[in-house]
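The structure under discussion appears below in the form of structure tokens.
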Amino acid sequence: MGREIIELRGVGKSFRSADGHARQVLDGIELTLREGEIVALLGASGSGKSTLLRIAAGLIGVDAGSVSYRGQPLHGPARSIGMVFQSFALFPWLTVQQNVELGLEARGMPPVERAAKAEAAIALIGLTGFEGALPRELSGGMRQRVGIARALVTEPDVLLMDEAFSALDVLTGERLREDILELWTSGKLPTKAMIVVSHSIEEAVLMADRVLILGRDPGRIRVQLAVQIPRPRDPDSADVRALVDEVYALMAAGRGRAARAADAAERSPLGRRLPKVDVARMEGLLEFLAEEPFGGHADLPELAEATELSDRELLSAADALNLLGLAQLEHGDLQITPLGQRYVEGTHTLRQEIFGQQLLAHVPLAAHIRHSLEQEPGGQLPEGPFLRLLEEHLDEAEAERVLETVIAWGRHGEVFEYDYNAGTIQLPTGEEDDTAPPPTHP
Amino acid sequence: MPQRAEYLQRPSVEAGISRWDWALLPLVLAVLALLAYGASQMTRPFQVGEPLPVTLDAWELPYYLLRTTLRMFLALAASLVFAAVFAVLASKYRAAERVLVPMLDILQSIPILGFLSITVTGFIALFPGNLFGVECAAIFAIFTSQAWNMAFSLYQSMRTVPTELNEAAAVFQLSGWQRFWRLELPFAMPGLLWNTMMSMSGGWFFLVAAEAISVAGQDIKLPGVGSYIALAIEARDLGAIGWAIATMLAGILLYDQLLFRPLVAWADKFRFEESGAEAVPQSWLLDWLRRARGVQRLAQWAARPLQHSLTALRRRHDGTSIRARPRPPLPGLARAWDAVVAAGVLFALWRLASFVHADVGWAETVHVFVLGVYTLARVLIMIALALLVWVPVGVWVGMNPRWANRLQAVAQFLAAFPANLLFPLVVVLLVRWKLDPDIWLSPLIVLGTQWYILFNVIAGASSVPTELRYAAQNLGLTGWLRWKRYLLPAVFPSLVTGAITASGGSWNASIVAEYVSWGGTTLQAAGLGSYIAAQTAAGDFPRIALGIGVMCLFVMVLNRLVWRRLYRLAEERIHF
């Protein structure tokens with residue numbers, strides 16, 4: 001094991017939501033990054049993995065615990081920590097060359113010297129010929145190459161990658177990842193260690209020496225896995241496949257547990273996070289599961305391949321089916337329930353009925369909305385109070401997402417309706433008063 | 001790769017002068033000579049009361065245009081500096097933001113004549129025995145018609161720099177100075193440039209008031225197009241007005257070709273949207289300048305100090321130094337600052353109240369509020385009428401792409417044209433047919449500002465997605481249903497934007513539109529604008545302050561209660 005570079009000791013972080021409630025994002029994080037290793041961070045959205053990366057970068061301060069870089073406390077971004085961003089974060093008005101030189105210029109390096117260094121970095125990352133181009137002339141993959149060259153040219157000790165390949169299409173992302181790994185194993189990089197935030201399990205397994213899985217609410221490191229498969233790793237090899245399966249199972253288990261644990265949890269069940277999935281995708285997945293070749297039971301990685309959903313999308317949809325009792329999620333496998341089978345075979349009306357029942361039975365927030373509406377003489381309430389209720393437990397954006405999801409589900413199950421323009425939730429009227437105009441937004 | 005070849009060639013050109021340089025040389029020399037001459041004329045000795053030679057000779061107009069141009073650009077330079085200082089302070093320091101932003105909100109609703117009447121004596125006293133004092137007053141007046149929206153635009157942009165770019169700047173250790181030049185200013189550039197062009201239009205509109213200073217008992221006419229117009233109005237010379245209009249058109253055209261078009265074409269690279277689909281703005285002058293190697297080298301040489309400063313003013317420490325440790329905020333300090341600000345505001349309100357009470361009396365205050373309601377009614381009715389006329393026209397034009405591009409340019413040009421030049425004609429007509437000024441002066445309020453509605457609606461209509469158009473055709477939408485369900489919602493956001501801009505301009509325009517003179521004849525419409533104009537001419541400070549204060553109040557309340565809500569509605573509910 002190499003020497004420690006970045007050390008996080010007992011790191012906690014909370015953000016304030018709109019109404020002043022503090023929401024714990026990270027808690028008790030212990031992480032040591034050593035020379036010569038790549039660490040991958042995995043976790044569902046909202047588990048704070050990007051926040052954790054930004055803390056390691058010195059971009060965000062901590063509320064509890066300490067962060068140090070080579071034994072020195074880290075108060076802000078350090079010179080020897082480079083970062084690659086999900087959306088590239090290139091300066092669109094600077095040419096490729098100027099973008100790459102940015103970090104060197106900031107250090108006050110003379111123009112001739114920095115031009116030479118930039119030239120070398122551009123050549124290393126395979127961008128020769130595009131020095132004078134503006135970022136908008138380049139494709140996504142090329143832009144991310146610029147982002148990587150810009151980080152490498154400052155010869156960082158540590159390279160932090162925040163979902164660096166997720167904004168690219170699959171093929172481009174794979175190419176770029178392979179190039180980086182090749183440079184890493186060949187020792188051409190000045191960099192001693194990397195932290196990679198990813199939402200693709202395969203990517204994490206292929207890149208990392210250690211995979212950390214973050215749980216959420218609050219984000220804690222739940223599992224740590226060492227990956228000892230020799231490089232270069234073949235994504236189709238048995239070792240890799242087995243490990244991917246294992247990680248899938250671990251992550252899915254975490255989800256199931258979080259949902260069940262919530263009954264006894266410290267937080268109110270009303271403020272529980274809901275996986276953001278639209279109904280069509282849930283139905284699609286359930287139908288897929290019911291049909292051959294799966295016949296009601298499938299392994300998640302296989303299902304991911306067959307449905308062409310990303311890991312994140314698949315896990316959310318499986319999570320939602322599990323939550324509503326239409327399927328069961330266990331050990332990385334998805335098993336359709338008898339109710340789920342009836343749902344798939346049912347007519348549209350029956351489907352809606354089942355969905356509505358399950359929603360009221362398993363999602364306390366939906367039940368609470370319905371209950372409150374039934375007590376209103378007009379059967380109608382503004383969305384505001386529900387949003388504020390959620391904001392006590394979740395941050396603003398997340399609260400809005402949860403309310404949006406529950407409204408979409410409620411509409412599908414005919415549990416309640418929603419008027420977009422007025423921002424009100426109401427009981428489904430059905431017969432007597434269906435004259436309300438449709439929303440006017442095109 | 002062609003890019004590479006170009007990139008490598010640039011530093012190693014031997015001769016450094018190309019034929020494009022020779023072609024540019026006369027242009028550059030002529031501009032320099034004119035600037036020098038104009039500047040020398042601005043700092044002549046001058047005593048208050050000494051008449052300045054302004055005649056109605058049309059041949060003098062090019063010279064007047066030069067003087068006016070010089071003033072406008074000095075004001076523009078001042079506005080840029082002001083905008084930069086304001087935006088940096090307001091976006092970096094919360095304490096400053098709390099004071100500066102509301103202050104600017106108030107400042108921008110103060111009409112230009114108000115500033116002029118308060119500051120002119122001070123400026124004259126600043127440069128005794130020299131014309132430059134008066135020039136400063138005029139420049140300051142033009143500045144007040146330009147600076148506020150530029151400052152707001154820069155501030156807004158600096159606050160909305162995308163998070164990841166800010167993080168990248170932090171990770172790569174950019175200092176505050178480097179961040180401003182490399183990130184914040186470039187990001188703000190398109191908005192700032194657009195607002196600068198709008199500011200120039202604003203400058204033209206109030207040129208007469210700024211150059212022919214007749215406030216606070218002064219009567220000074222600085223040589224310039226504005227004074228020429230003032231003189232022509234006094235002498236009831238319609239021909240001279242025609243010449244002045246022609247000169248202004250020439251001026252606007254010159255600014256456009258020699259300055260703004262090249263700037264817009266150059267600033268295209270600062271667009272943040274990554275797609276390159278839209279038509280790239282072109283400018284013949286910029287193409288010329290880019291081909292002229294001598295000019296390029298000159299520009300590089302001129303940019304050198306900035307380059308040096310970028311390497312010199314760098315961060316000396318990084319995140320591992322104790323200096324990077326964030327200081328914990330002092331809650332007491334923020335609260336104390338709030339208390340100081342609140343006390344200041346209360347004191348100012350009390351002073352204003354006692355001032356008004358002592359010198360004007362509450363009866364007149366109520367009267368001024370009633371006048372404000374008249375002007376409010378005028379503004380709202382006129383904007384409603386303008387919408388009624390221009391929305392159908394704008395939609396029709398916008399849906400016909402062949403016309404859209406051409407007519408949009410014309411509409412922008414019309415918005416830049418100072419409509420108050422046409423006011424004298426209206427006076428002639430009103431007097432001839434003995435029409436009621438209370439009603440018939442009202443259209444003047446939107447004469448200049450209606451174009452904002454038109455060109456915004458054109459822009460909105462031309463960006464309606466093609467598929468939506470096909471869908472509407474396919475569904476056979478006709479008549480009122482077509483408007484209600486399809487066209488009006490589709491152009492609603494741009495319609496609101498246009499109406500907001502038009503409303504803001506109309507309040508300001510009411511001061512010149514409700515109080516119009518032609519020679520000895522002065523027509524007045526009862527309203528807040530004419531009240532302020534009359535009191536400014538009389539130099540009655542308490543009443544000017546009262547009128548301006550009431551107008552600020554009306555503008556701000558209207559903005560809060562109507563325009564912002566509509567704008568939010570458009571942003572959240574109705575967009576593509």
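Each chain of the structure tokens is named A, B, ... in the order shown, its residues numbered from 1; ligands are numbered from 1 in display order.
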
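Near Leu90 in chain A, within a cut-off of 8 Å and counting only C-alpha atoms, sit the residues Phe88, Pro92, Asn99, Pro135, Arg143, Val146 and Gly147 of chain A; Leu165 of chain B, with same-chain residues fewer than 2 positions away left out.
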
Written selection (C-alpha atoms) as a PDB file, in the first residue's frame:
```pdb
ATOM      1  CA  PHE A  88     -17.028  19.172 -18.962  1.00  0.00           C
ATOM      2  CA  PRO A  92     -16.719  28.080 -24.288  1.00  0.00           C
ATOM      3  CA  ASN A  99      -8.675  25.978 -21.953  1.00  0.00           C
ATOM      4  CA  PRO A 135     -15.254  23.750 -27.565  1.00  0.00           C
ATOM      5  CA  ARG A 143     -14.804  18.013 -25.156  1.00  0.00           C
ATOM      6  CA  VAL A 146     -10.144  18.654 -23.345  1.00  0.00           C
ATOM      7  CA  GLY A 147     -11.501  18.535 -19.792  1.00  0.00           C
TER       8      GLY A 147
ATOM      9  CA  LEU B 165     -17.633  26.623 -14.304  1.00  0.00           C
TER      10      LEU B 165
END
```

Between chain A and chain B, at 9 Å or less, what are the per-residue closest atom pairs and their distances in Å? Count only C-alpha atoms, order by chain and rising residue number, and return it as JSON lines.
```
{"residue": "A:Ala57", "atom": "CA", "partner": "B:Val171", "partner_atom": "CA", "distance": 7.5}
{"residue": "A:Gly58", "atom": "CA", "partner": "B:Gly319", "partner_atom": "CA", "distance": 6.9}
{"residue": "A:Leu59", "atom": "CA", "partner": "B:Glu167", "partner_atom": "CA", "distance": 7.0}
{"residue": "A:Gly61", "atom": "CA", "partner": "B:Pro326", "partner_atom": "CA", "distance": 8.5}
{"residue": "A:Ser68", "atom": "CA", "partner": "B:Thr320", "partner_atom": "CA", "distance": 8.3}
{"residue": "A:Tyr69", "atom": "CA", "partner": "B:Thr320", "partner_atom": "CA", "distance": 7.5}
{"residue": "A:Gln72", "atom": "CA", "partner": "B:Thr320", "partner_atom": "CA", "distance": 6.1}
{"residue": "A:Pro73", "atom": "CA", "partner": "B:Thr320", "partner_atom": "CA", "distance": 5.9}
{"residue": "A:Leu74", "atom": "CA", "partner": "B:Thr320", "partner_atom": "CA", "distance": 4.8}
{"residue": "A:His75", "atom": "CA", "partner": "B:Arg325", "partner_atom": "CA", "distance": 4.8}
{"residue": "A:Gly76", "atom": "CA", "partner": "B:Gly319", "partner_atom": "CA", "distance": 3.7}
{"residue": "A:Pro77", "atom": "CA", "partner": "B:Gly319", "partner_atom": "CA", "distance": 4.7}
{"residue": "A:Ala78", "atom": "CA", "partner": "B:Gly319", "partner_atom": "CA", "distance": 4.5}
{"residue": "A:Arg79", "atom": "CA", "partner": "B:Asp318", "partner_atom": "CA", "distance": 6.1}
{"residue": "A:Ile81", "atom": "CA", "partner": "B:Val171", "partner_atom": "CA", "distance": 7.4}
{"residue": "A:Gly82", "atom": "CA", "partner": "B:Val171", "partner_atom": "CA", "distance": 6.6}
{"residue": "A:Met83", "atom": "CA", "partner": "B:Val171", "partner_atom": "CA", "distance": 6.9}
{"residue": "A:Val84", "atom": "CA", "partner": "B:Ala168", "partner_atom": "CA", "distance": 8.5}
{"residue": "A:Phe85", "atom": "CA", "partner": "B:Glu164", "partner_atom": "CA", "distance": 7.2}
{"residue": "A:Gln86", "atom": "CA", "partner": "B:Glu164", "partner_atom": "CA", "distance": 8.6}
{"residue": "A:Ser87", "atom": "CA", "partner": "B:Glu164", "partner_atom": "CA", "distance": 7.5}
{"residue": "A:Phe88", "atom": "CA", "partner": "B:Glu164", "partner_atom": "CA", "distance": 8.2}
{"residue": "A:Ala89", "atom": "CA", "partner": "B:Leu165", "partner_atom": "CA", "distance": 5.1}
{"residue": "A:Leu90", "atom": "CA", "partner": "B:Leu165", "partner_atom": "CA", "distance": 7.1}
{"residue": "A:Phe91", "atom": "CA", "partner": "B:Leu183", "partner_atom": "CA", "distance": 7.3}
{"residue": "A:Pro92", "atom": "CA", "partner": "B:Phe272", "partner_atom": "CA", "distance": 6.4}
{"residue": "A:Trp93", "atom": "CA", "partner": "B:Phe270", "partner_atom": "CA", "distance": 5.0}
{"residue": "A:Leu94", "atom": "CA", "partner": "B:Lys269", "partner_atom": "CA", "distance": 8.5}
{"residue": "A:Leu102", "atom": "CA", "partner": "B:Phe172", "partner_atom": "CA", "distance": 7.3}
{"residue": "A:Gly103", "atom": "CA", "partner": "B:Phe172", "partner_atom": "CA", "distance": 4.8}
{"residue": "A:Leu104", "atom": "CA", "partner": "B:Phe172", "partner_atom": "CA", "distance": 8.3}
{"residue": "A:Glu105", "atom": "CA", "partner": "B:Thr311", "partner_atom": "CA", "distance": 6.3}
{"residue": "A:Ala106", "atom": "CA", "partner": "B:Leu174", "partner_atom": "CA", "distance": 5.3}
{"residue": "A:Arg107", "atom": "CA", "partner": "B:Arg314", "partner_atom": "CA", "distance": 6.6}
{"residue": "A:Gly108", "atom": "CA", "partner": "B:Thr311", "partner_atom": "CA", "distance": 4.3}
{"residue": "A:Met109", "atom": "CA", "partner": "B:Thr311", "partner_atom": "CA", "distance": 7.3}
{"residue": "A:Pro110", "atom": "CA", "partner": "B:Thr311", "partner_atom": "CA", "distance": 8.1}
{"residue": "A:Thr128", "atom": "CA", "partner": "B:Arg4", "partner_atom": "CA", "distance": 8.5}
{"residue": "A:Gly129", "atom": "CA", "partner": "B:Arg4", "partner_atom": "CA", "distance": 5.3}
{"residue": "A:Phe130", "atom": "CA", "partner": "B:Arg4", "partner_atom": "CA", "distance": 6.6}
{"residue": "A:Glu131", "atom": "CA", "partner": "B:Arg4", "partner_atom": "CA", "distance": 6.4}
{"residue": "A:Gly132", "atom": "CA", "partner": "B:Gln3", "partner_atom": "CA", "distance": 5.5}
{"residue": "A:Ala133", "atom": "CA", "partner": "B:Gln3", "partner_atom": "CA", "distance": 6.6}
{"residue": "A:Leu134", "atom": "CA", "partner": "B:Lys269", "partner_atom": "CA", "distance": 8.3}
{"residue": "A:Pro135", "atom": "CA", "partner": "B:Glu274", "partner_atom": "CA", "distance": 7.9}
{"residue": "A:Arg136", "atom": "CA", "partner": "B:Glu274", "partner_atom": "CA", "distance": 5.2}
{"residue": "A:Glu137", "atom": "CA", "partner": "B:Gly276", "partner_atom": "CA", "distance": 7.6}
{"residue": "A:Ala151", "atom": "CA", "partner": "B:Phe172", "partner_atom": "CA", "distance": 8.2}
{"residue": "A:Thr154", "atom": "CA", "partner": "B:Phe172", "partner_atom": "CA", "distance": 8.5}
{"residue": "A:Tyr420", "atom": "CA", "partner": "B:Arg573", "partner_atom": "CA", "distance": 8.1}
{"residue": "A:Asn421", "atom": "CA", "partner": "B:Arg573", "partner_atom": "CA", "distance": 6.8}
{"residue": "A:Thr440", "atom": "CA", "partner": "B:Arg485", "partner_atom": "CA", "distance": 6.8}
{"residue": "A:His441", "atom": "CA", "partner": "B:Ile574", "partner_atom": "CA", "distance": 5.1}
{"residue": "A:Pro442", "atom": "CA", "partner": "B:Phe576", "partner_atom": "CA", "distance": 6.9}
```

Legend entry - Distance query range 86-89 of chain B at most 8 Å, only C-alpha atoms, self and fewer than 3 positions along chain excluded, as a list in words: Phe82, Ala83, Lys92, Tyr93, Ala96, Glu97, Leu100, Ala151, Phe152, Leu154, Tyr155 and Met158 of chain B

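For range 349-363 of chain A, the residues within 8 Å (counting only C-alpha atoms, excluding itself and residues fewer than 2 positions away along the chain) are Leu270, Leu323, Leu324, Gly325, Tyr343, Val344, Gly346, Thr347, Leu365, Ala366, Ala367, Trp409, Gly410, His412, Gly413, Glu414 and Val415 of chain A.
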
Legend entry - Close residues, range 118-125 of chain A itself excluded, 9 Å, only C-alpha atoms, min 4 positions apart in chain, as JSON, numbers by chain: {"A": [96, 97, 98, 100, 101, 104, 113, 114, 129, 130, 131, 145, 146, 148, 149, 150, 152, 153, 179, 180, 183, 188]}

Could those residues be written to a file, using N, CA and C atoms, as a PDB file, in the first residue's frame?
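Written out: out35.pdb:
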```pdb
ATOM      1  N   VAL A  96      -9.311  25.337 -27.419  1.00  0.00           N
ATOM      2  CA  VAL A  96      -8.842  24.141 -26.734  1.00  0.00           C
ATOM      3  C   VAL A  96      -7.529  24.431 -26.017  1.00  0.00           C
ATOM      4  N   GLN A  97      -6.606  25.044 -26.754  1.00  0.00           N
ATOM      5  CA  GLN A  97      -5.299  25.358 -26.180  1.00  0.00           C
ATOM      6  C   GLN A  97      -5.430  26.262 -24.952  1.00  0.00           C
ATOM      7  N   GLN A  98      -6.254  27.313 -25.086  1.00  0.00           N
ATOM      8  CA  GLN A  98      -6.409  28.255 -23.968  1.00  0.00           C
ATOM      9  C   GLN A  98      -7.069  27.585 -22.767  1.00  0.00           C
ATOM     10  N   VAL A 100      -6.815  24.448 -21.978  1.00  0.00           N
ATOM     11  CA  VAL A 100      -5.839  23.568 -21.339  1.00  0.00           C
ATOM     12  C   VAL A 100      -4.814  24.390 -20.557  1.00  0.00           C
ATOM     13  N   GLU A 101      -4.499  25.579 -21.075  1.00  0.00           N
ATOM     14  CA  GLU A 101      -3.496  26.407 -20.404  1.00  0.00           C
ATOM     15  C   GLU A 101      -4.028  27.099 -19.152  1.00  0.00           C
ATOM     16  N   LEU A 104      -2.405  26.629 -15.850  1.00  0.00           N
ATOM     17  CA  LEU A 104      -1.006  27.068 -15.853  1.00  0.00           C
ATOM     18  C   LEU A 104      -0.932  28.584 -15.804  1.00  0.00           C
ATOM     19  N   GLU A 113       6.442  28.538 -21.969  1.00  0.00           N
ATOM     20  CA  GLU A 113       6.518  27.301 -21.204  1.00  0.00           C
ATOM     21  C   GLU A 113       5.161  26.611 -21.147  1.00  0.00           C
ATOM     22  N   ARG A 114       4.108  27.420 -20.913  1.00  0.00           N
ATOM     23  CA  ARG A 114       2.801  26.786 -20.763  1.00  0.00           C
ATOM     24  C   ARG A 114       2.279  26.279 -22.101  1.00  0.00           C
ATOM     25  N   GLY A 129      -4.102  18.765 -33.291  1.00  0.00           N
ATOM     26  CA  GLY A 129      -4.809  19.257 -34.471  1.00  0.00           C
ATOM     27  C   GLY A 129      -6.004  20.110 -34.119  1.00  0.00           C
ATOM     28  N   PHE A 130      -6.449  20.029 -32.879  1.00  0.00           N
ATOM     29  CA  PHE A 130      -7.635  20.789 -32.501  1.00  0.00           C
ATOM     30  C   PHE A 130      -7.310  21.942 -31.559  1.00  0.00           C
ATOM     31  N   GLU A 131      -6.041  22.317 -31.481  1.00  0.00           N
ATOM     32  CA  GLU A 131      -5.650  23.333 -30.505  1.00  0.00           C
ATOM     33  C   GLU A 131      -6.416  24.635 -30.668  1.00  0.00           C
ATOM     34  N   ARG A 145     -12.272  15.084 -23.520  1.00  0.00           N
ATOM     35  CA  ARG A 145     -10.818  14.939 -23.630  1.00  0.00           C
ATOM     36  C   ARG A 145     -10.127  16.240 -23.258  1.00  0.00           C
ATOM     37  N   VAL A 146     -10.711  17.351 -23.719  1.00  0.00           N
ATOM     38  CA  VAL A 146     -10.144  18.654 -23.345  1.00  0.00           C
ATOM     39  C   VAL A 146     -10.200  18.815 -21.828  1.00  0.00           C
ATOM     40  N   ILE A 148     -10.103  16.561 -19.607  1.00  0.00           N
ATOM     41  CA  ILE A 148      -9.093  15.721 -18.958  1.00  0.00           C
ATOM     42  C   ILE A 148      -7.687  16.301 -19.160  1.00  0.00           C
ATOM     43  N   ALA A 149      -7.428  16.774 -20.392  1.00  0.00           N
ATOM     44  CA  ALA A 149      -6.117  17.384 -20.656  1.00  0.00           C
ATOM     45  C   ALA A 149      -5.915  18.605 -19.765  1.00  0.00           C
ATOM     46  N   ARG A 150      -6.976  19.377 -19.573  1.00  0.00           N
ATOM     47  CA  ARG A 150      -6.889  20.578 -18.741  1.00  0.00           C
ATOM     48  C   ARG A 150      -6.528  20.206 -17.307  1.00  0.00           C
ATOM     49  N   LEU A 152      -4.941  17.306 -16.444  1.00  0.00           N
ATOM     50  CA  LEU A 152      -3.651  16.628 -16.381  1.00  0.00           C
ATOM     51  C   LEU A 152      -2.475  17.579 -16.542  1.00  0.00           C
ATOM     52  N   VAL A 153      -2.681  18.679 -17.275  1.00  0.00           N
ATOM     53  CA  VAL A 153      -1.556  19.549 -17.604  1.00  0.00           C
ATOM     54  C   VAL A 153      -0.955  20.181 -16.356  1.00  0.00           C
ATOM     55  N   ASP A 179      -8.917   4.588 -22.789  1.00  0.00           N
ATOM     56  CA  ASP A 179      -7.711   5.401 -23.007  1.00  0.00           C
ATOM     57  C   ASP A 179      -7.099   5.838 -21.684  1.00  0.00           C
ATOM     58  N   ILE A 180      -7.974   6.291 -20.781  1.00  0.00           N
ATOM     59  CA  ILE A 180      -7.473   6.758 -19.490  1.00  0.00           C
ATOM     60  C   ILE A 180      -6.792   5.609 -18.734  1.00  0.00           C
ATOM     61  N   LEU A 183      -3.411   4.843 -20.109  1.00  0.00           N
ATOM     62  CA  LEU A 183      -2.408   5.808 -19.662  1.00  0.00           C
ATOM     63  C   LEU A 183      -2.033   5.541 -18.200  1.00  0.00           C
ATOM     64  N   LYS A 188       2.094   6.754 -17.666  1.00  0.00           N
ATOM     65  CA  LYS A 188       2.370   8.023 -18.347  1.00  0.00           C
ATOM     66  C   LYS A 188       1.722   9.203 -17.636  1.00  0.00           C
TER      67      LYS A 188
END
```

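The two atoms in question, CA of Leu138 in chain A and CA of Pro190 in chain B, are spaced 21.6 Å apart.
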
Inset, instruction - For Leu34 in chain B, list every protein, DNA or RNA residue within 9 Å, evaluated using only C-alpha atoms, and leave out those in the same chain fewer than 5 positions away; present the list as a PyMOL selection string. - result: chain B and resi 29+39+66

Legend entry - Backbone DSSP call of strand (DSSP E or B) for range 235-389 of chain A, listed as a list in words: His297, Ala298, Asp299, Ala327, Gln328, Leu329, Glu330, Asp333, Leu334, Gln335, Ile336, Gln380, Leu381 and Pro382 of chain A

Emit the selected residues as an mmCIF file, in the first residue's frame, including N, CA and C atoms.
```cif
data_model
loop_
_atom_site.group_PDB
_atom_site.id
_atom_site.type_symbol
_atom_site.label_atom_id
_atom_site.label_comp_id
_atom_site.auth_asym_id
_atom_site.auth_seq_id
_atom_site.Cartn_x
_atom_site.Cartn_y
_atom_site.Cartn_z
ATOM 1 N N HIS A 297 -38.963 -13.925 -13.334
ATOM 2 C CA HIS A 297 -37.825 -13.842 -12.429
ATOM 3 C C HIS A 297 -36.577 -13.485 -13.234
ATOM 4 N N ALA A 298 -35.858 -12.455 -12.772
ATOM 5 C CA ALA A 298 -34.674 -12.086 -13.542
ATOM 6 C C ALA A 298 -33.581 -11.549 -12.649
ATOM 7 N N ASP A 299 -32.383 -11.678 -13.182
ATOM 8 C CA ASP A 299 -31.178 -11.170 -12.570
ATOM 9 C C ASP A 299 -31.028 -9.722 -13.064
ATOM 10 N N ALA A 327 -43.531 -6.339 -7.491
ATOM 11 C CA ALA A 327 -42.421 -7.265 -7.694
ATOM 12 C C ALA A 327 -41.591 -7.253 -6.419
ATOM 13 N N GLN A 328 -40.729 -8.265 -6.289
ATOM 14 C CA GLN A 328 -39.902 -8.315 -5.097
ATOM 15 C C GLN A 328 -38.445 -8.219 -5.490
ATOM 16 N N LEU A 329 -37.715 -7.394 -4.774
ATOM 17 C CA LEU A 329 -36.315 -7.161 -5.096
ATOM 18 C C LEU A 329 -35.478 -7.801 -3.996
ATOM 19 N N GLU A 330 -34.706 -8.843 -4.356
ATOM 20 C CA GLU A 330 -33.894 -9.515 -3.342
ATOM 21 C C GLU A 330 -32.608 -10.034 -3.954
ATOM 22 N N ASP A 333 -31.941 -9.808 -7.541
ATOM 23 C CA ASP A 333 -32.896 -10.446 -8.438
ATOM 24 C C ASP A 333 -34.242 -9.770 -8.302
ATOM 25 N N LEU A 334 -34.988 -9.774 -9.391
ATOM 26 C CA LEU A 334 -36.319 -9.189 -9.358
ATOM 27 C C LEU A 334 -37.319 -10.294 -9.642
ATOM 28 N N GLN A 335 -38.310 -10.469 -8.730
ATOM 29 C CA GLN A 335 -39.286 -11.560 -8.839
ATOM 30 C C GLN A 335 -40.676 -10.936 -8.868
ATOM 31 N N ILE A 336 -41.469 -11.280 -9.871
ATOM 32 C CA ILE A 336 -42.807 -10.712 -9.976
ATOM 33 C C ILE A 336 -43.704 -11.333 -8.901
ATOM 34 N N GLN A 380 -60.517 19.601 -2.810
ATOM 35 C CA GLN A 380 -59.405 20.254 -3.505
ATOM 36 C C GLN A 380 -58.495 20.953 -2.507
ATOM 37 N N LEU A 381 -57.169 20.844 -2.707
ATOM 38 C CA LEU A 381 -56.207 21.497 -1.817
ATOM 39 C C LEU A 381 -55.024 22.007 -2.631
ATOM 40 N N PRO A 382 -54.425 23.118 -2.181
ATOM 41 C CA PRO A 382 -53.200 23.556 -2.868
ATOM 42 C C PRO A 382 -52.039 22.613 -2.564
#
```

Legend entry - Non-local contacts of Asn149 in chain B (8 Å; only C-alpha atoms; under 2 positions in same chain excluded) as number ranges by chain: B: 108, 146-147, 151-153, 195, 199

Export of the given selection (C-alpha atoms) as a JSON list (two decimals), in the first residue's frame:
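Result saved to again32.json:
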```json
[["chain", "number", "residue", "atom", "x", "y", "z"],
["B", 108, "GLN", "CA", -33.34, 53.43, -12.70],
["B", 146, "GLN", "CA", -27.45, 54.25, -20.02],
["B", 147, "ALA", "CA", -25.83, 52.87, -16.91],
["B", 151, "ALA", "CA", -25.17, 47.31, -14.39],
["B", 152, "PHE", "CA", -28.16, 45.07, -13.78],
["B", 153, "SER", "CA", -27.34, 42.87, -16.72],
["B", 195, "ASN", "CA", -27.94, 46.11, -23.00],
["B", 199, "SER", "CA", -28.58, 52.01, -23.66]]
```

Legend entry - Straight-line distance linking CA of Thr501 in chain B with CA of Val368 in chain B, stated in Å to one decimal: 24.6 Å

Inset, instruction - Could you pull out the residues in range 96-337 of chain B that DSSP calls helix (DSSP H, G or I) from the backbone, as number ranges by chain? - result: B: 96-107, 112-126, 132-159, 163-171, 176-205, 207-211, 225-234, 238-270, 284-291, 293-312, 322-324, 331-337

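We find CA of Ala75 in chain B and CA of Leu263 in chain B to be spaced 18.0 Å apart.
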
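Minimum distance to Arg220 in chain A across A:Gln341, A:Ser139, A:Ser198, A:Gln24 (counting only C-alpha atoms) occurs at A:Gln24.
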
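Comparing the minimum interatomic distances between Trp22 in chain B and each of B:Val264, B:Leu289, B:Ala141, B:Val54, counting only C-alpha atoms, we find that B:Leu289 sits nearest.
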